[in-house]
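To be precise, the following lines are structure-v4.txt, and they hold compact mmCIF, C-alpha atoms.
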# COMPACT_ATOMS: atom_id res chain seq x y z
CA MET A 1 32.17 188.59 93.73
CA VAL A 2 34.79 188.56 96.48
CA PRO A 3 38.15 190.02 95.43
CA HIS A 4 41.41 188.22 95.94
CA LEU A 5 43.79 189.60 98.54
CA THR A 6 47.27 188.96 97.17
CA THR A 7 48.98 189.11 100.55
CA ALA A 8 48.36 186.41 103.12
CA LEU A 9 46.39 187.69 106.09
CA THR A 10 48.85 186.47 108.68
CA GLY A 11 50.35 189.75 109.86
CA PRO A 12 49.12 193.10 111.13
CA LEU A 13 45.90 193.24 109.13
CA LEU A 14 44.78 189.84 110.37
CA THR A 15 45.50 191.10 113.88
CA LEU A 16 43.55 194.28 113.14
CA GLU A 17 40.55 192.38 111.78
CA LYS A 18 40.59 189.96 114.71
CA GLN A 19 40.76 192.80 117.24
CA ILE A 20 37.89 194.60 115.52
CA LEU A 21 35.75 191.45 115.53
CA ASP A 22 36.57 190.69 119.16
CA ALA A 23 35.68 194.27 120.13
CA MET A 24 32.50 194.48 118.02
CA PRO A 25 30.08 195.18 120.95
CA LEU A 26 32.45 197.82 122.31
CA ILE A 27 32.87 199.38 118.86
CA GLU A 28 29.15 199.53 118.12
CA HIS A 29 28.46 201.05 121.55
CA TRP A 30 31.18 203.64 120.88
CA PHE A 31 29.68 204.50 117.49
CA ARG A 32 26.19 204.88 119.00
CA HIS A 33 27.59 207.38 121.48
CA GLN A 34 29.43 209.27 118.72
CA TRP A 35 26.29 209.62 116.62
CA GLN A 36 24.48 211.08 119.61
CA GLU A 37 27.17 213.76 119.76
CA HIS A 38 27.70 214.38 116.03
CA SER A 39 25.33 214.55 113.05
CA ALA A 40 26.37 212.31 110.17
CA PRO A 41 26.48 213.82 106.66
CA PHE A 42 23.39 213.01 104.60
CA TYR A 43 25.45 210.63 102.48
CA ALA A 44 29.07 209.89 101.64
CA SER A 45 31.42 207.51 99.92
CA VAL A 46 34.81 206.46 101.30
CA ASP A 47 37.69 205.14 99.18
CA LEU A 48 39.70 202.53 101.10
CA ARG A 49 43.03 200.88 100.39
CA ASN A 50 43.88 197.43 101.74
CA ALA A 51 47.62 196.74 101.77
CA GLY A 52 47.37 193.51 103.73
CA TYR A 53 49.33 195.16 106.53
CA LYS A 54 47.36 198.42 106.63
CA LEU A 55 43.74 199.40 105.89
CA ALA A 56 43.04 203.10 105.55
CA PRO A 57 40.69 205.62 103.93
CA VAL A 58 42.36 207.76 101.26
CA ASP A 59 39.41 209.97 100.29
CA THR A 60 35.92 210.83 101.54
CA ASN A 61 33.35 212.31 99.16
CA LEU A 62 30.33 214.16 100.55
CA PHE A 63 28.57 214.33 97.16
CA PRO A 64 28.90 210.71 96.07
CA ALA A 65 28.11 209.45 92.59
CA GLY A 66 27.87 205.75 91.87
CA PHE A 67 24.68 204.70 93.64
CA ASN A 68 23.86 202.84 90.44
CA ASN A 69 26.82 200.53 91.15
CA LEU A 70 25.57 199.30 94.52
CA ASN A 71 24.18 195.86 95.19
CA LYS A 72 20.48 196.06 94.32
CA SER A 73 19.74 193.52 97.04
CA PHE A 74 20.44 196.23 99.58
CA ASP A 75 18.14 198.89 98.14
CA ALA A 76 15.99 198.49 101.23
CA LEU A 77 18.96 199.53 103.41
CA CYS A 78 19.32 202.71 101.34
CA VAL A 79 15.61 203.48 101.67
CA GLN A 80 15.55 202.96 105.44
CA ALA A 81 18.73 205.01 105.91
CA ALA A 82 17.31 207.83 103.77
CA MET A 83 14.18 207.87 105.94
CA SER A 84 16.36 208.20 109.04
CA ALA A 85 18.45 210.98 107.49
CA VAL A 86 15.42 213.02 106.41
CA GLU A 87 13.71 212.67 109.81
CA LYS A 88 16.72 214.37 111.42
CA ILE A 89 16.99 217.19 108.88
CA CYS A 90 13.44 218.11 108.00
CA PRO A 91 10.81 215.67 109.34
CA ASP A 92 7.94 217.46 107.55
CA THR A 93 9.53 217.04 104.12
CA ARG A 94 7.28 215.62 101.41
CA GLN A 95 8.97 216.91 98.25
CA PHE A 96 12.66 216.85 97.30
CA LEU A 97 14.45 218.83 94.63
CA LEU A 98 17.52 216.84 93.55
CA ILE A 99 20.26 218.98 91.97
CA PRO A 100 22.87 216.97 90.05
CA GLU A 101 26.22 217.78 88.49
CA ASN A 102 26.17 219.29 85.01
CA HIS A 103 27.29 215.99 83.47
CA THR A 104 24.47 215.68 80.95
CA ARG A 105 26.85 213.92 78.56
CA ASN A 106 27.80 211.24 81.10
CA PRO A 107 24.95 208.70 80.97
CA TYR A 108 26.41 206.61 83.80
CA TYR A 109 26.44 209.57 86.15
CA LEU A 110 22.81 210.24 85.21
CA GLN A 111 22.04 206.60 86.03
CA ASN A 112 23.38 207.41 89.50
CA VAL A 113 20.97 210.37 89.70
CA SER A 114 18.14 208.07 88.68
CA SER A 115 19.13 205.62 91.44
CA LEU A 116 19.14 208.42 94.02
CA LYS A 117 15.73 209.58 92.83
CA SER A 118 14.41 206.04 93.18
CA ILE A 119 15.77 205.72 96.74
CA LEU A 120 14.03 208.93 97.81
CA GLN A 121 10.79 207.99 96.06
CA ARG A 122 10.73 204.61 97.78
CA ALA A 123 11.37 206.41 101.07
CA GLY A 124 8.06 208.21 100.51
CA PHE A 125 8.99 211.51 98.85
CA MET A 126 8.05 213.24 95.63
CA VAL A 127 11.26 213.92 93.71
CA ARG A 128 12.09 216.02 90.67
CA ILE A 129 15.46 216.86 89.12
CA GLY A 130 16.50 220.50 88.88
CA SER A 131 19.46 221.41 86.69
CA LEU A 132 21.85 224.34 87.21
CA LEU A 133 22.80 224.33 83.53
CA PRO A 134 22.21 227.88 82.21
CA GLU A 135 21.50 226.58 78.71
CA LEU A 136 18.71 224.31 79.97
CA THR A 137 15.64 226.52 79.51
CA GLN A 138 12.90 223.89 79.32
CA PRO A 139 12.26 220.37 80.64
CA THR A 140 14.50 217.94 78.78
CA GLU A 141 14.54 214.15 78.73
CA VAL A 142 17.96 212.48 78.63
CA PRO A 143 18.35 208.74 77.90
CA LEU A 144 19.77 206.37 80.52
CA PRO A 145 22.15 203.48 79.71
CA GLN A 146 19.90 200.94 81.46
CA GLY A 147 16.84 202.16 79.59
CA GLY A 148 14.30 204.87 80.18
CA PHE A 149 14.82 208.61 80.53
CA LEU A 150 15.61 211.17 83.21
CA LEU A 151 13.71 214.44 83.13
CA LEU A 152 15.89 217.48 83.82
CA GLU A 153 14.11 220.77 84.56
CA PRO A 154 15.46 224.32 84.80
CA VAL A 155 15.69 225.59 88.39
CA GLN A 156 13.98 228.87 89.20
CA ARG A 157 14.43 231.06 92.27
CA LYS A 158 11.44 232.78 93.82
CA GLY A 159 12.41 234.87 96.82
CA THR A 160 14.28 232.57 99.19
CA ARG A 161 13.08 229.35 97.57
CA LEU A 162 14.19 227.19 94.66
CA VAL A 163 11.28 225.86 92.64
CA LEU A 164 10.43 224.12 89.39
CA GLU A 165 7.33 224.68 87.33
CA ASN A 166 4.39 223.71 89.57
CA PHE A 167 6.75 222.27 92.18
CA ASP A 168 7.74 223.97 95.44
CA PRO A 169 9.98 221.47 97.28
CA CYS A 170 10.37 221.26 101.03
CA ALA A 171 14.08 220.34 100.84
CA ILE A 172 16.98 220.22 98.40
CA LEU A 173 19.46 217.37 97.97
CA LEU A 174 22.71 218.39 96.29
CA ASN A 175 24.57 215.81 94.23
CA ASN A 176 26.77 218.57 92.87
CA ASP A 177 30.08 219.20 94.65
CA LEU A 178 30.14 222.89 93.59
CA SER A 179 33.84 222.79 92.68
CA GLY A 180 33.43 226.05 90.79
CA GLY A 181 31.94 227.85 93.78
CA VAL A 182 28.50 228.31 95.34
CA PRO A 183 26.18 230.03 92.85
CA ASP A 184 24.02 232.89 94.11
CA LEU A 185 21.02 230.71 93.30
CA LEU A 186 21.88 228.49 96.29
CA ARG A 187 22.66 231.20 98.83
CA ASN A 188 20.39 232.21 101.73
CA LEU A 189 17.58 229.77 100.96
CA SER A 190 14.74 229.16 103.40
CA GLN A 191 14.60 225.48 102.42
CA ALA A 192 16.77 222.80 104.01
CA VAL A 193 19.74 222.08 101.74
CA VAL A 194 21.80 218.90 102.21
CA PRO A 195 24.70 218.66 102.15
CA PRO A 196 25.17 222.38 102.88
CA PRO A 197 26.53 224.25 99.83
CA TRP A 198 29.59 225.39 101.79
CA SER A 199 30.69 221.76 102.15
CA GLY A 200 31.51 221.62 98.42
CA TRP A 201 35.06 221.60 97.09
CA SER A 202 35.17 225.37 96.62
CA THR A 203 35.57 225.64 100.41
CA ARG A 204 36.25 222.13 101.74
CA ARG A 205 39.85 220.89 102.16
CA LYS A 206 41.08 217.31 102.39
CA SER A 207 43.74 218.34 104.88
CA LEU A 208 41.02 219.43 107.32
CA HIS A 209 39.22 216.14 106.83
CA PHE A 210 42.31 214.06 107.56
CA THR A 211 43.12 216.23 110.55
CA ALA A 212 39.68 215.32 111.91
CA TYR A 213 40.23 211.70 110.89
CA ARG A 214 43.50 211.55 112.81
CA GLN A 215 41.70 212.55 116.01
CA VAL A 216 38.97 209.96 115.39
CA ALA A 217 41.50 207.23 114.61
CA GLU A 218 43.48 207.94 117.77
CA GLU A 219 40.32 207.77 119.92
CA PHE A 220 39.21 204.55 118.25
CA CYS A 221 42.61 202.89 118.51
CA ARG A 222 42.83 203.70 122.21
CA LEU A 223 39.49 201.92 122.52
CA ILE A 224 40.68 198.68 120.91
CA GLN A 225 44.37 199.14 121.80
CA ILE A 226 46.11 199.15 118.42
CA ASP A 227 48.63 201.44 116.73
CA PRO A 228 46.62 204.15 114.87
CA TRP A 229 49.05 203.87 111.95
CA PHE A 230 47.30 200.67 110.86
CA ILE A 231 44.22 202.70 109.86
CA ASP A 232 45.57 206.23 109.46
CA PRO A 233 47.81 207.38 106.59
CA TYR A 234 50.46 209.96 107.38
CA PHE A 235 49.90 213.29 105.63
CA SER A 236 51.02 216.89 105.41
CA HIS A 237 49.75 220.01 103.67
CA ARG A 238 51.35 222.73 101.59
CA ALA A 239 49.84 225.99 100.33
CA GLY A 240 51.30 228.53 97.91
CA VAL A 241 52.12 225.97 95.22
CA ASP A 242 52.07 226.64 91.48
CA PHE A 243 53.07 223.66 89.36
CA SER A 244 52.94 225.53 86.09
CA GLN A 245 55.49 228.08 87.38
CA GLY A 246 57.42 225.67 89.59
CA ILE A 247 56.64 227.75 92.68
CA GLY A 248 56.75 226.04 96.08
CA LEU A 249 58.02 222.69 94.77
CA GLU A 250 61.22 222.77 96.86
CA GLU A 251 59.11 222.91 100.02
CA VAL A 252 56.95 220.08 98.70
CA GLN A 253 60.10 218.03 98.03
CA SER A 254 61.22 218.49 101.61
CA GLN A 255 57.83 217.36 102.94
CA VAL A 256 57.85 214.33 100.64
CA ALA A 257 61.28 213.34 101.99
CA ASP A 258 60.05 213.70 105.58
CA LEU A 259 56.94 211.57 104.89
CA LEU A 260 58.96 208.85 103.16
CA GLN A 261 61.30 208.70 106.15
CA LYS A 262 58.39 208.35 108.60
CA ILE A 263 56.89 205.55 106.49
CA ARG A 264 60.23 203.71 106.30
CA GLN A 265 60.48 203.83 110.08
CA LYS A 266 57.05 202.19 110.41
CA TYR A 267 57.96 199.60 107.79
CA ARG A 268 61.10 198.72 109.75
CA GLU A 269 59.10 198.57 113.01
CA TYR A 270 56.68 196.03 111.59
CA GLY A 271 59.01 194.18 109.22
CA ILE A 272 57.20 195.32 106.06
CA GLN A 273 59.17 194.65 102.88
CA GLU A 274 57.67 197.30 100.60
CA ASN A 275 58.91 200.46 98.93
CA PRO A 276 57.21 203.54 100.44
CA PHE A 277 55.60 206.16 98.26
CA VAL A 278 53.64 209.38 98.64
CA ILE A 279 50.47 210.44 96.87
CA LEU A 280 50.44 214.11 95.97
CA LYS A 281 46.96 215.46 95.32
CA ALA A 282 45.04 218.70 95.11
CA ASP A 283 43.76 219.63 98.59
CA ALA A 284 40.32 220.22 97.10
CA GLY A 285 38.65 218.33 94.31
CA THR A 286 37.41 215.01 93.11
CA TYR A 287 37.21 212.67 90.10
CA GLY A 288 40.84 211.69 90.63
CA MET A 289 42.12 214.90 89.06
CA GLY A 290 45.37 216.49 90.20
CA VAL A 291 46.88 213.27 91.63
CA MET A 292 50.36 211.78 91.22
CA THR A 293 52.54 209.10 92.83
CA ILE A 294 56.02 210.05 94.11
CA LYS A 295 58.64 207.53 95.22
CA ASP A 296 61.61 209.92 95.22
CA PRO A 297 61.48 213.67 95.97
CA LYS A 298 63.77 214.25 92.97
CA GLU A 299 60.87 213.32 90.68
CA LEU A 300 59.45 216.79 91.30
CA ASN A 301 62.49 218.23 89.50
CA GLN A 302 61.72 216.17 86.42
CA LEU A 303 58.07 216.97 85.76
CA ASN A 304 57.34 217.55 82.08
CA ARG A 305 54.88 220.11 80.80
CA ARG A 306 52.03 217.57 80.60
CA GLN A 307 52.55 216.52 84.22
CA ARG A 308 52.73 220.12 85.38
CA ASN A 309 49.52 220.97 83.54
CA LYS A 310 47.81 217.91 84.97
CA MET A 311 48.66 219.02 88.50
CA SER A 312 47.88 222.71 87.89
CA VAL A 313 44.18 222.57 87.02
CA ILE A 314 41.35 220.33 88.22
CA LYS A 315 37.59 220.10 87.75
CA GLU A 316 35.85 223.14 86.24
CA GLY A 317 39.21 224.77 85.53
CA GLN A 318 40.03 225.44 89.17
CA GLU A 319 43.72 226.21 89.70
CA VAL A 320 45.66 224.16 92.26
CA HIS A 321 47.59 226.16 94.86
CA GLU A 322 47.17 223.84 97.87
CA VAL A 323 48.22 220.20 97.96
CA LEU A 324 47.83 217.25 100.30
CA LEU A 325 50.81 214.93 100.64
CA GLN A 326 49.50 211.56 101.77
CA GLU A 327 51.22 208.31 102.68
CA GLY A 328 50.69 205.92 99.81
CA VAL A 329 48.79 202.78 100.76
CA PRO A 330 49.25 200.09 98.09
CA THR A 331 46.20 198.06 97.18
CA PHE A 332 46.84 194.34 97.33
CA GLU A 333 43.35 193.37 96.27
CA THR A 334 42.61 192.18 92.75
CA VAL A 335 39.52 191.37 90.73
CA GLU A 336 40.28 189.06 87.80
CA ASP A 337 43.98 189.97 88.10
CA ALA A 338 43.30 193.73 87.93
CA VAL A 339 44.08 195.96 90.90
CA ALA A 340 41.02 197.01 92.88
CA GLU A 341 40.01 199.16 95.84
CA PRO A 342 36.80 199.06 97.88
CA VAL A 343 34.49 202.06 97.95
CA VAL A 344 32.01 202.09 100.84
CA TYR A 345 28.74 204.07 100.67
CA THR A 346 26.82 205.50 103.59
CA ILE A 347 23.51 207.27 104.10
CA ASP A 348 23.10 208.93 107.49
CA HIS A 349 25.37 206.87 109.77
CA PHE A 350 24.54 203.55 108.09
CA VAL A 351 26.69 201.58 105.68
CA VAL A 352 24.41 200.84 102.72
CA GLY A 353 26.80 198.97 100.43
CA GLY A 354 29.75 199.45 98.18
CA PHE A 355 31.65 198.23 95.16
CA TYR A 356 35.16 197.71 93.90
CA ARG A 357 36.84 200.26 91.66
CA VAL A 358 38.94 198.21 89.26
CA HIS A 359 41.61 199.38 86.83
CA THR A 360 43.38 197.04 84.42
CA GLU A 361 46.09 199.55 83.47
CA ARG A 362 47.12 200.86 86.90
CA GLY A 363 49.53 199.47 89.47
CA ILE A 364 49.16 198.81 93.18
CA ASP A 365 50.72 202.18 94.01
CA GLU A 366 48.69 204.33 91.60
CA ASN A 367 45.43 206.26 91.72
CA LEU A 368 42.60 204.05 90.42
CA ASN A 369 40.05 206.85 90.13
CA ALA A 370 41.06 207.57 86.55
CA PRO A 371 39.75 207.07 83.00
CA GLY A 372 39.59 203.38 82.21
CA ALA A 373 38.35 202.34 85.65
CA HIS A 374 35.30 200.12 85.89
CA PHE A 375 33.16 199.06 88.80
CA VAL A 376 32.29 195.63 90.10
CA PRO A 377 28.90 195.72 91.82
CA LEU A 378 27.68 192.97 94.15
CA ALA A 379 31.04 193.10 95.93
CA PHE A 380 29.38 193.43 99.33
CA GLN A 381 27.48 190.18 99.62
CA THR A 382 26.25 190.90 103.14
CA PRO A 383 25.46 194.19 104.88
CA ALA A 384 28.79 195.71 105.89
CA MET A 385 27.54 196.43 109.40
CA SER A 386 27.15 192.76 110.27
CA ALA A 387 29.88 190.30 111.19
CA ASP A 388 30.08 186.69 112.29
CA CYS A 389 32.62 185.95 114.98
CA THR A 390 32.24 182.19 114.38
CA HIS A 391 34.08 182.60 111.05
CA GLN A 392 37.68 183.59 110.34
CA PRO A 393 38.50 187.32 110.40
CA ASP A 394 39.21 187.31 106.65
CA ALA A 395 35.90 185.64 105.73
CA PRO A 396 34.12 187.88 103.20
CA HIS A 397 31.41 189.22 105.51
CA ASN A 398 33.98 189.86 108.26
CA ARG A 399 36.35 191.62 105.89
CA PHE A 400 33.46 193.79 104.72
CA TYR A 401 32.49 194.51 108.31
CA THR A 402 36.02 195.76 108.95
CA TYR A 403 35.73 197.92 105.84
CA GLY A 404 32.47 199.28 107.20
CA VAL A 405 34.07 200.15 110.53
CA VAL A 406 36.93 202.09 108.93
CA ALA A 407 34.51 203.81 106.54
CA ARG A 408 32.34 204.88 109.47
CA LEU A 409 35.44 206.31 111.16
CA ALA A 410 35.96 208.45 108.04
CA LEU A 411 32.28 209.40 108.12
CA LEU A 412 32.59 210.46 111.75
CA ALA A 413 35.63 212.53 110.80
CA ALA A 414 33.56 214.19 108.07
CA ALA A 415 30.86 215.00 110.64
CA ARG A 416 33.42 216.68 112.88
CA GLU A 417 35.00 218.39 109.88
CA LEU A 418 31.65 219.97 108.96
CA GLU A 419 31.20 221.10 112.55
CA MET A 420 34.55 222.89 112.34
CA MET A 421 33.57 224.52 109.04
CA ALA A 422 30.04 225.56 110.03
CA PRO A 423 30.83 228.71 112.05
CA ARG A 424 32.72 230.19 109.08
CA PHE A 425 30.18 229.50 106.37
CA SER A 426 26.69 228.83 107.76
CA SER A 427 25.89 232.38 108.86

Show the structure stored in the file as structure tokens.
Amino acid sequence: MVPHLTTALTGPLLTLEKQILDAMPLIEHWFRHQWQEHSAPFYASVDLRNAGYKLAPVDTNLFPAGFNNLNKSFDALCVQAAMSAVEKICPDTRQFLLIPENHTRNPYYLQNVSSLKSILQRAGFMVRIGSLLPELTQPTEVPLPQGGFLLLEPVQRKGTRLVLENFDPCAILLNNDLSGGVPDLLRNLSQAVVPPPWSGWSTRRKSLHFTAYRQVAEEFCRLIQIDPWFIDPYFSHRAGVDFSQGIGLEEVQSQVADLLQKIRQKYREYGIQENPFVILKADAGTYGMGVMTIKDPKELNQLNRRQRNKMSVIKEGQEVHEVLLQEGVPTFETVEDAVAEPVVYTIDHFVVGGFYRVHTERGIDENLNAPGAHFVPLAFQTPAMSADCTHQPDAPHNRFYTYGVVARLALLAAARELEMMAPRFSS
């Protein structure tokens, strides 16, 4: 299924896509050089927003769920990319311990874990699932929505190694973003652990990621000679915020006003007839928690108790005291008349597929990563790293190639972000 783009591709985005296609050999050469200098995260997912006049990443997840929603035709891409990733990290690895989130009541998340297990098995590794749930004291089978079961086993620590009963893995793959902090169980292990535990949301910050992304976007846009704004959302950061007590909101209001003014200036520069908005979100966290849309700074004076509570606490009860203010990028793509946004998946530095997050009850200027969203697999009908310059820039495979380029820019930013974090946490 190819989604409908509700704005005609005759303006800046068409120019962007055409310039990317025309510069494809230059772009791919540039990426090859970048991956020689920087190590890509083991895997990632990148949320994109396509406004017709702007295409930009709005979030990058280093512990992606949703592998069960990818196009099954591209399973081989996932397997080959996983082989490449493992060769760089621990070439002698034969056995993987996969540690998931504690979502034992979410069967669709567990289907994702099953898909990850299958990818690693087909890449030639023995894989077992180790749970961090303290109440899990013996191997337990949980049913999967597509049939079959997933065996969860209690993790044990022996010295500097994590093991299961009769299973001493060479490496550990985390699919748990450790929002609640890094447990002692995962500290100072002698096994390779990917992604590193310190890259979870207890220490990672979105503002650092988008700072790295800004540098990447500026370098890339100098390469193909376009305004970085077309792929880079404005943002700012504020610490010392407490929504429940109303602390720090005046400063946030001022920053919202400044961002809205900067966006209006760009809209006037390019003749864009849209109303600007800002997305306010927790600077750490996932699952779309702690997110709100602001069109007028005065809205922060009118938050009710429910809205304050929603912005005060995110996953695993973590309190929000730092926020990211991000330029809102409306999504002008629809699937069966419902707003949609592409999500691109990578393993190592390869694009391995993606899907559309669709929400029938949300608008073009709202967060779609919310209860009620559903996913449309098979969205990427061709590998997103291939393009065909004999077709129009907005042909499906060329649009997906452009998505893949922007997603890889976000992936490169994540690689640099982790390099900046490493000296503080890896010792």

| task | Find the residues with any atom within 8 Å of (12.1, 222.4, 98.6); use only C-alpha atoms and the coordinates as given in the file, and write the answer as a list in words. | result | Gln95, Phe96, Leu97, Arg161, Leu162, Val163, Asp168, Pro169, Cys170, Ala171, Ile172, Gln191 and Ala192 of chain A

| task | Please provide the set of residues having any atom within 8 Å of A:Gly240, restricted to all atoms listed in the file, with same-chain residues fewer than 3 positions apart removed, written as a list in words. | result | Ile247, Gly248, His321 and Glu322 of chain A

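Ranking A:Asn112, A:Ser118, A:Ser199, A:Gln261 by their shortest atom-to-atom distance to A:Ala82, with all atoms listed in the file included, puts A:Ser118 first.
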
Can I get the residues of stretch 291-384 of chain A within 10 Å of stretch 268-283 of chain A, each with the closest pair of atoms and their distance in Å to one decimal, using only C-alpha atoms, sorted chain first then ascending number, as JSON lines?
{"residue": "A:Val291", "atom": "CA", "partner": "A:Lys281", "partner_atom": "CA", "distance": 4.3}
{"residue": "A:Met292", "atom": "CA", "partner": "A:Leu280", "partner_atom": "CA", "distance": 5.3}
{"residue": "A:Thr293", "atom": "CA", "partner": "A:Ile279", "partner_atom": "CA", "distance": 4.7}
{"residue": "A:Ile294", "atom": "CA", "partner": "A:Val278", "partner_atom": "CA", "distance": 5.2}
{"residue": "A:Lys295", "atom": "CA", "partner": "A:Phe277", "partner_atom": "CA", "distance": 4.5}
{"residue": "A:Asp296", "atom": "CA", "partner": "A:Phe277", "partner_atom": "CA", "distance": 7.7}
{"residue": "A:Pro297", "atom": "CA", "partner": "A:Val278", "partner_atom": "CA", "distance": 9.3}
{"residue": "A:Met311", "atom": "CA", "partner": "A:Ala282", "partner_atom": "CA", "distance": 7.5}
{"residue": "A:Ser312", "atom": "CA", "partner": "A:Ala282", "partner_atom": "CA", "distance": 8.7}
{"residue": "A:Val313", "atom": "CA", "partner": "A:Ala282", "partner_atom": "CA", "distance": 9.0}
{"residue": "A:Ile314", "atom": "CA", "partner": "A:Ala282", "partner_atom": "CA", "distance": 8.0}
{"residue": "A:Glu319", "atom": "CA", "partner": "A:Ala282", "partner_atom": "CA", "distance": 9.3}
{"residue": "A:Val320", "atom": "CA", "partner": "A:Ala282", "partner_atom": "CA", "distance": 6.2}
{"residue": "A:His321", "atom": "CA", "partner": "A:Ala282", "partner_atom": "CA", "distance": 7.9}
{"residue": "A:Glu322", "atom": "CA", "partner": "A:Asp283", "partner_atom": "CA", "distance": 5.5}
{"residue": "A:Val323", "atom": "CA", "partner": "A:Ala282", "partner_atom": "CA", "distance": 4.5}
{"residue": "A:Leu324", "atom": "CA", "partner": "A:Asp283", "partner_atom": "CA", "distance": 5.0}
{"residue": "A:Leu325", "atom": "CA", "partner": "A:Leu280", "partner_atom": "CA", "distance": 4.8}
{"residue": "A:Gln326", "atom": "CA", "partner": "A:Ile279", "partner_atom": "CA", "distance": 5.1}
{"residue": "A:Glu327", "atom": "CA", "partner": "A:Val278", "partner_atom": "CA", "distance": 4.8}
{"residue": "A:Gly328", "atom": "CA", "partner": "A:Val278", "partner_atom": "CA", "distance": 4.7}
{"residue": "A:Val329", "atom": "CA", "partner": "A:Phe277", "partner_atom": "CA", "distance": 8.0}
{"residue": "A:Pro330", "atom": "CA", "partner": "A:Phe277", "partner_atom": "CA", "distance": 8.8}
{"residue": "A:Asp365", "atom": "CA", "partner": "A:Phe277", "partner_atom": "CA", "distance": 7.6}
{"residue": "A:Glu366", "atom": "CA", "partner": "A:Ile279", "partner_atom": "CA", "distance": 8.3}
{"residue": "A:Asn367", "atom": "CA", "partner": "A:Ile279", "partner_atom": "CA", "distance": 8.3}

| query | Rounded to one decimal in Å, what is the spacing between atom CA of A:Val352 and atom CA of A:Met83? | reply | 12.8 Å

Polymer residues at most 9 Å from stretch 301-308 of chain A, only C-alpha atoms, same-chain spacing of 2 or more positions, as a PDB file with C-alpha atoms, in the coordinates of the input:
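Written out: selection-v4.pdb:
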ATOM      1  CA  ASP A 242      52.070 226.640  91.480  1.00  0.00           C
ATOM      2  CA  PHE A 243      53.070 223.660  89.360  1.00  0.00           C
ATOM      3  CA  SER A 244      52.940 225.530  86.090  1.00  0.00           C
ATOM      4  CA  GLN A 245      55.490 228.080  87.380  1.00  0.00           C
ATOM      5  CA  GLY A 246      57.420 225.670  89.590  1.00  0.00           C
ATOM      6  CA  LEU A 249      58.020 222.690  94.770  1.00  0.00           C
ATOM      7  CA  GLU A 250      61.220 222.770  96.860  1.00  0.00           C
ATOM      8  CA  GLN A 253      60.100 218.030  98.030  1.00  0.00           C
ATOM      9  CA  MET A 292      50.360 211.780  91.220  1.00  0.00           C
ATOM     10  CA  PRO A 297      61.480 213.670  95.970  1.00  0.00           C
ATOM     11  CA  LYS A 298      63.770 214.250  92.970  1.00  0.00           C
ATOM     12  CA  GLU A 299      60.870 213.320  90.680  1.00  0.00           C
ATOM     13  CA  LYS A 310      47.810 217.910  84.970  1.00  0.00           C
ATOM     14  CA  MET A 311      48.660 219.020  88.500  1.00  0.00           C
ATOM     15  CA  SER A 312      47.880 222.710  87.890  1.00  0.00           C
TER      16      SER A 312
END

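Shortest atom-to-atom contact with A:Thr93 among A:Leu151, A:Ala340, A:Ala40, A:Leu173: A:Leu173, counting all atoms listed in the file.
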
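Among the candidates A:Gly200, A:Leu133, A:Gln111, A:Ile347, the one nearest to A:Met421 when counting only C-alpha atoms is A:Gly200.
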
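With only C-alpha atoms as the atoms that count, the minimum distance from A:Asn188 to the choices A:Ile99, A:Ala217, A:Lys158, A:Gly285 is reached by A:Lys158.
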
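The coordinates place atom CA of A:Val58 at 19.1 Å from atom CA of A:Thr203.
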